[in-house]
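Below you'll find the structure, written out as structure tokens, and then a few comments.
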Amino acid sequence: MNEKNEFHLENKTGEIDSWKGWISVGCAFASMFICFGITYSFGAFFDSMSAEFNTGRGATSAVFSITMFIIFTGGIVSGNVTDRFGPKPVLIFGGLFLGLGLYLTSLVNSIWVGYITYGLGVGIGVSCGYVPMLAVVGAWFEKRRAAAIGVAVTGIGFGTLLMAPLAADLINKYGWRQTYVILAILSIIVIVVCGFIIPRPPLLSNQEPKKNIGELVKTPVFQYMYFATFLSSLSLYFPFVFLIPYAKTQGINEMAAASLIGIIGMASVFGRLGFGVLGSKINCMHLFQITFIITAFSFIFWLLASKSFVMLVIFALLLGTGYGGFVALGPTLVAELFGLVGLGSILGTLYTAVGFGGLLGSPMGGYLIDTTGSYTIAIIAALAISSLAFLFLIPVERFMRSRIK
């Protein structure tokens, strides 16, 4: 018998897997659309900010890296607060903070101030709109959990698909500062409205007490998951900062270059939906490993692309598919490994690995580009690191197999 560590929800009112759960999916979708659509459009702002502040690639990319670090380390706090008080206050606070951070960034006259306004504002705002929403959606579903989370996180994909080209167009028309003001208004409206709409999930009925996070992080299976997630993130966020600038150095026009981030987003939509649906039918761990393989393999196409826009499109399609599947399956796999009780806190703790990867990955890539005068070594490093990430999943699979026996 396949013991997948399923944790059942108290369903006396028949709410689990009900229409209320799908309202939470819709709110999570909208929140992630705005949060990550704005965050992942940073590449469209990169050259304008770098030129105005006269900063190198490493210093400019640090804006994005600090933001990613705060987004995913902040998940510890936002996930725990959601477990205790529900998603409404967390989302409302996050929407207001995100809008404030974007507006203040439009006023800065130094990249160092941008580290604070963008890093803290966007970082804290998005941390309230991601990890908590994954936990809320996961708690609303039992039979269709993987599919529901897969639908919710397609918001990230659609946001990436549409917001990067939109940001590039707005920057061309109004400049990067005014564009941040427009995005600030949009983020406040959408996320705060979602905060008032999203329903709080039913209470869990489980004989096990809430996990002790301090004890959980000492277990080998958690540590392997943590390092796999860290290494994957270390390479994953490098393209979100440098793919657009790279394409432009190869003679590809600005809108076409920006569309590559959109293609990653489009492919991630199919990856999230496809792997999310399959996750309810096929071994989740095996699918999770496949997403890591696809992600690592994609960097080969970027390495060989040179001036070929078609090769860059293939890279973006593969990266988006693998990355989308990783995001969709991650919460379901974590629920299978560690249970649903305190899922927000568990995800928040695990996803600090994404924060550290996001913090270090882009500056490391920028440093390699600046010191070598080429993108080649940086791309090879991303390929090697993402391949190593897969190896850390092998002991996790063995753990799950041993538990089945």
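So you can find residues: chains in the structure tokens are A, B, ... in the order shown, residues in each start at 1, and ligands are numbered from 1 in order.
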Which polymer residues have any atom within 9 Å of an atom of range 158-168 of chain A, counting only C-alpha atoms, with same-chain residues fewer than 4 positions away left out, as an MDAnalysis selection string?
chainID A and resid 30 32:45 154 172:173 176 179:180 183 254:256 258:269
Need to verify the contact set: Ser48 in chain A, 10 Å, only C-alpha atoms, exclusion of same-chain residues closer than 5 positions in sequence. Can you return it as number ranges by chain?
A: 43, 53-54, 171, 175-177
For Tyr224 in chain A, please output as a PyMOL selection string all residues within 9 Å (counting only C-alpha atoms; exclusion window: fewer than 2 positions along the same chain).
chain A and resi 219-222+226-229+392-396
Those same residues, written as a JSON list (two decimals), in the first residue's frame with C-alpha atoms?
```
[["chain", "number", "residue", "atom", "x", "y", "z"],
["A", 219, "THR", "CA", 16.01, 15.69, 9.75],
["A", 220, "PRO", "CA", 18.09, 14.46, 6.78],
["A", 221, "VAL", "CA", 15.14, 14.43, 4.36],
["A", 222, "PHE", "CA", 14.40, 18.10, 5.05],
["A", 226, "TYR", "CA", 16.59, 22.30, 1.33],
["A", 227, "PHE", "CA", 19.89, 21.96, -0.53],
["A", 228, "ALA", "CA", 18.16, 20.79, -3.72],
["A", 229, "THR", "CA", 15.89, 23.83, -3.57],
["A", 392, "PHE", "CA", 20.19, 15.98, -3.80],
["A", 393, "LEU", "CA", 16.71, 14.68, -4.65],
["A", 394, "ILE", "CA", 17.91, 11.07, -4.92],
["A", 395, "PRO", "CA", 18.09, 10.52, -1.11],
["A", 396, "VAL", "CA", 14.63, 12.10, -0.77]]
```
Top pick for closest residue to Leu317 in chain A, considering A:Leu347, A:Gly355, A:Phe270, A:Phe141 and counting only C-alpha atoms:
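That would be A:Phe270, the residue with the smallest distance to Leu317 in chain A.
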Considering only C-alpha atoms, return as an mmCIF file with N, CA and C atoms, in the first residue's frame whatever protein or nucleic-acid residues lie within 10 Å of Ser31 in chain A, sequence-local ones (same chain, fewer than 5 positions apart) excluded.
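Final output, selection03.cif:
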```cif
data_model
loop_
_atom_site.group_PDB
_atom_site.id
_atom_site.type_symbol
_atom_site.label_atom_id
_atom_site.label_comp_id
_atom_site.auth_asym_id
_atom_site.auth_seq_id
_atom_site.Cartn_x
_atom_site.Cartn_y
_atom_site.Cartn_z
ATOM 1 N N VAL A 25 -8.392 29.670 -4.765
ATOM 2 C CA VAL A 25 -7.517 29.461 -5.921
ATOM 3 C C VAL A 25 -7.490 30.720 -6.796
ATOM 4 N N GLY A 26 -8.679 31.306 -7.036
ATOM 5 C CA GLY A 26 -8.757 32.507 -7.855
ATOM 6 C C GLY A 26 -8.008 33.676 -7.231
ATOM 7 N N PHE A 36 4.484 38.262 -8.905
ATOM 8 C CA PHE A 36 5.629 37.772 -9.667
ATOM 9 C C PHE A 36 5.697 38.375 -11.064
ATOM 10 N N GLY A 37 4.559 38.819 -11.587
ATOM 11 C CA GLY A 37 4.610 39.549 -12.847
ATOM 12 C C GLY A 37 5.465 40.793 -12.704
ATOM 13 N N LEU A 91 -2.655 39.372 3.206
ATOM 14 C CA LEU A 91 -2.753 39.860 1.837
ATOM 15 C C LEU A 91 -2.929 41.376 1.784
ATOM 16 N N GLY A 94 0.289 42.983 2.582
ATOM 17 C CA GLY A 94 1.237 42.761 1.494
ATOM 18 C C GLY A 94 0.973 43.652 0.299
ATOM 19 N N GLY A 95 -0.297 43.806 -0.081
ATOM 20 C CA GLY A 95 -0.627 44.659 -1.213
ATOM 21 C C GLY A 95 -0.238 46.104 -0.977
ATOM 22 N N VAL A 126 5.563 40.762 -1.662
ATOM 23 C CA VAL A 126 5.397 39.497 -2.380
ATOM 24 C C VAL A 126 5.451 38.313 -1.420
ATOM 25 N N CYS A 128 4.088 38.114 1.288
ATOM 26 C CA CYS A 128 2.726 37.976 1.828
ATOM 27 C C CYS A 128 1.752 37.403 0.792
ATOM 28 N N GLY A 129 2.140 37.440 -0.468
ATOM 29 C CA GLY A 129 1.230 36.994 -1.518
ATOM 30 C C GLY A 129 1.593 35.676 -2.163
ATOM 31 N N TYR A 130 2.611 34.977 -1.622
ATOM 32 C CA TYR A 130 3.034 33.721 -2.247
ATOM 33 C C TYR A 130 2.929 32.530 -1.298
ATOM 34 N N MET A 133 -0.403 31.910 0.335
ATOM 35 C CA MET A 133 -1.453 31.488 -0.588
ATOM 36 C C MET A 133 -1.308 30.006 -0.954
ATOM 37 N N ALA A 152 -3.482 27.572 -9.254
ATOM 38 C CA ALA A 152 -3.163 28.808 -8.532
ATOM 39 C C ALA A 152 -1.825 29.392 -8.978
ATOM 40 N N VAL A 153 -0.812 28.541 -9.085
ATOM 41 C CA VAL A 153 0.517 29.062 -9.401
ATOM 42 C C VAL A 153 0.692 29.387 -10.880
ATOM 43 N N GLY A 155 -0.800 31.656 -12.026
ATOM 44 C CA GLY A 155 -0.786 33.114 -11.939
ATOM 45 C C GLY A 155 0.615 33.664 -12.097
ATOM 46 N N ILE A 156 1.603 32.934 -11.571
ATOM 47 C CA ILE A 156 2.996 33.361 -11.737
ATOM 48 C C ILE A 156 3.369 33.331 -13.218
ATOM 49 N N GLY A 159 1.507 36.040 -15.174
ATOM 50 C CA GLY A 159 2.076 37.330 -14.806
ATOM 51 C C GLY A 159 3.407 37.569 -15.487
ATOM 52 N N SER A 187 -0.930 47.058 -8.228
ATOM 53 C CA SER A 187 -0.703 46.036 -7.200
ATOM 54 C C SER A 187 -1.578 46.271 -5.977
ATOM 55 N N VAL A 190 -5.413 45.241 -6.871
ATOM 56 C CA VAL A 190 -5.683 43.814 -7.066
ATOM 57 C C VAL A 190 -5.484 43.024 -5.775
ATOM 58 N N ILE A 191 -4.366 43.221 -5.106
ATOM 59 C CA ILE A 191 -4.041 42.371 -3.959
ATOM 60 C C ILE A 191 -4.914 42.693 -2.749
ATOM 61 N N VAL A 192 -5.191 43.965 -2.520
ATOM 62 C CA VAL A 192 -6.047 44.322 -1.390
ATOM 63 C C VAL A 192 -7.467 43.791 -1.595
ATOM 64 N N VAL A 193 -7.979 43.869 -2.818
ATOM 65 C CA VAL A 193 -9.308 43.304 -3.108
ATOM 66 C C VAL A 193 -9.309 41.804 -2.843
ATOM 67 N N CYS A 194 -8.270 41.111 -3.266
ATOM 68 C CA CYS A 194 -8.165 39.665 -3.010
ATOM 69 C C CYS A 194 -8.155 39.386 -1.514
ATOM 70 N N GLY A 195 -7.509 40.280 -0.745
ATOM 71 C CA GLY A 195 -7.457 40.100 0.692
ATOM 72 C C GLY A 195 -8.829 40.114 1.337
#
```
Name the closest residue to Phe69 in chain A among the candidates A:Leu170, A:Leu329, A:Ala389, A:Leu359; distances are taken between atoms, counting only C-alpha atoms.
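Nearest candidate to Phe69 in chain A out of A:Leu170, A:Leu329, A:Ala389, A:Leu359: A:Leu359.
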Distance query Thr73 in chain A at most 8 Å, only C-alpha atoms, self and fewer than 2 positions along chain excluded, as a PyMOL selection string
chain A and resi 69-71+75-76+127+348-349+351-356
Using N, CA and C atoms, can you export the residues from the last selection as a PDB file, in the first residue's frame?
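Output saved as result_13.pdb:
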```
ATOM      1  N   PHE A  69      15.598  37.336  -1.956  1.00  0.00           N
ATOM      2  CA  PHE A  69      15.971  36.859  -0.629  1.00  0.00           C
ATOM      3  C   PHE A  69      14.880  37.196   0.392  1.00  0.00           C
ATOM      4  N   ILE A  70      14.389  38.424   0.351  1.00  0.00           N
ATOM      5  CA  ILE A  70      13.367  38.845   1.315  1.00  0.00           C
ATOM      6  C   ILE A  70      12.038  38.159   1.043  1.00  0.00           C
ATOM      7  N   ILE A  71      11.701  37.965  -0.237  1.00  0.00           N
ATOM      8  CA  ILE A  71      10.445  37.286  -0.582  1.00  0.00           C
ATOM      9  C   ILE A  71      10.371  35.922   0.088  1.00  0.00           C
ATOM     10  N   GLY A  75       8.795  34.416   3.968  1.00  0.00           N
ATOM     11  CA  GLY A  75       7.739  33.413   4.016  1.00  0.00           C
ATOM     12  C   GLY A  75       7.627  32.725   5.366  1.00  0.00           C
ATOM     13  N   ILE A  76       8.724  32.703   6.138  1.00  0.00           N
ATOM     14  CA  ILE A  76       8.660  32.130   7.485  1.00  0.00           C
ATOM     15  C   ILE A  76       7.649  32.906   8.330  1.00  0.00           C
ATOM     16  N   SER A 127       6.230  38.419  -0.346  1.00  0.00           N
ATOM     17  CA  SER A 127       6.281  37.318   0.622  1.00  0.00           C
ATOM     18  C   SER A 127       4.918  37.083   1.262  1.00  0.00           C
ATOM     19  N   GLY A 348       7.351  28.070   4.460  1.00  0.00           N
ATOM     20  CA  GLY A 348       8.123  29.284   4.680  1.00  0.00           C
ATOM     21  C   GLY A 348       9.556  28.983   5.055  1.00  0.00           C
ATOM     22  N   THR A 349       9.756  27.960   5.873  1.00  0.00           N
ATOM     23  CA  THR A 349      11.110  27.574   6.272  1.00  0.00           C
ATOM     24  C   THR A 349      11.883  26.979   5.106  1.00  0.00           C
ATOM     25  N   TYR A 351      11.388  27.413   1.930  1.00  0.00           N
ATOM     26  CA  TYR A 351      11.600  28.366   0.843  1.00  0.00           C
ATOM     27  C   TYR A 351      12.586  29.474   1.190  1.00  0.00           C
ATOM     28  N   THR A 352      13.129  29.468   2.421  1.00  0.00           N
ATOM     29  CA  THR A 352      14.264  30.349   2.660  1.00  0.00           C
ATOM     30  C   THR A 352      15.438  29.928   1.775  1.00  0.00           C
ATOM     31  N   ALA A 353      15.442  28.651   1.375  1.00  0.00           N
ATOM     32  CA  ALA A 353      16.473  28.177   0.442  1.00  0.00           C
ATOM     33  C   ALA A 353      16.370  28.909  -0.884  1.00  0.00           C
ATOM     34  N   VAL A 354      15.147  29.176  -1.323  1.00  0.00           N
ATOM     35  CA  VAL A 354      14.936  29.951  -2.550  1.00  0.00           C
ATOM     36  C   VAL A 354      15.444  31.377  -2.346  1.00  0.00           C
ATOM     37  N   GLY A 355      15.217  31.921  -1.134  1.00  0.00           N
ATOM     38  CA  GLY A 355      15.692  33.264  -0.832  1.00  0.00           C
ATOM     39  C   GLY A 355      17.204  33.373  -0.920  1.00  0.00           C
ATOM     40  N   PHE A 356      17.904  32.421  -0.322  1.00  0.00           N
ATOM     41  CA  PHE A 356      19.366  32.449  -0.370  1.00  0.00           C
ATOM     42  C   PHE A 356      19.867  32.223  -1.803  1.00  0.00           C
TER      43      PHE A 356
END
```
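Here CA of Ser298 in chain A is placed at a distance of 28.1 Å from CA of Leu337 in chain A.
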Point-to-point distance from CA of Thr321 in chain A to CA of Gly79 in chain A, Å rounded to tenths:
26.4 Å
Contact residues around Phe299 in chain A with only C-alpha atoms at 9 Å, ignoring same-chain residues under 5 positions, as an NGL selection string:
:A and (304 or 315 or 318-319 or 379-380 or 382-383 or 386)
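From CA of Gly86 in chain A back to CA of Arg200 in chain A, the distance works out to 5.6 Å.
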Closest atom pairs, residues of range 26-144 of chain A within 12 Å of range 279-291 of chain A, only C-alpha atoms, as a tab-separated table:
```
residue	atom	partner	partner_atom	distance
A:Phe141	CA	A:Ser280	CA	11.7
A:Glu142	CA	A:Ser280	CA	10.2
A:Lys143	CA	A:Ser280	CA	7.9
A:Arg144	CA	A:Ser280	CA	6.7
```
Which residue of A:Tyr103, A:Phe93, A:Phe242, A:Trp140 approaches Ile16 in chain A most closely, using only C-alpha atoms:
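Among A:Tyr103, A:Phe93, A:Phe242, A:Trp140, it is A:Trp140 that comes nearest to Ile16 in chain A.
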Between A:Thr376, A:Ser345, A:Asn109, A:Thr117, smallest distance to Phe64 in chain A by only C-alpha atoms belongs to A:Thr117
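Comparing A:Ala316, A:Val327, A:Val137, A:Leu273 by their smallest distance to Phe301 in chain A, the closest is A:Ala316 (using only C-alpha atoms).
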Determine which residues of range 99-348 of chain A DSSP labels as alpha helix (DSSP H) from the backbone of this structure, then write them out as a PyMOL selection string.
chain A and resi 99-105+111-129+131-140+145-174+176-197+213-216+220-249+254-278+284-305+309-338+343-348
Among the residues A:Pro202, A:Gly358, A:Gly325, A:Gly344, the one that comes closest to Leu236 in chain A [using only C-alpha atoms]
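Between A:Pro202, A:Gly358, A:Gly325, A:Gly344, the residue approaching Leu236 in chain A most closely is A:Gly358.
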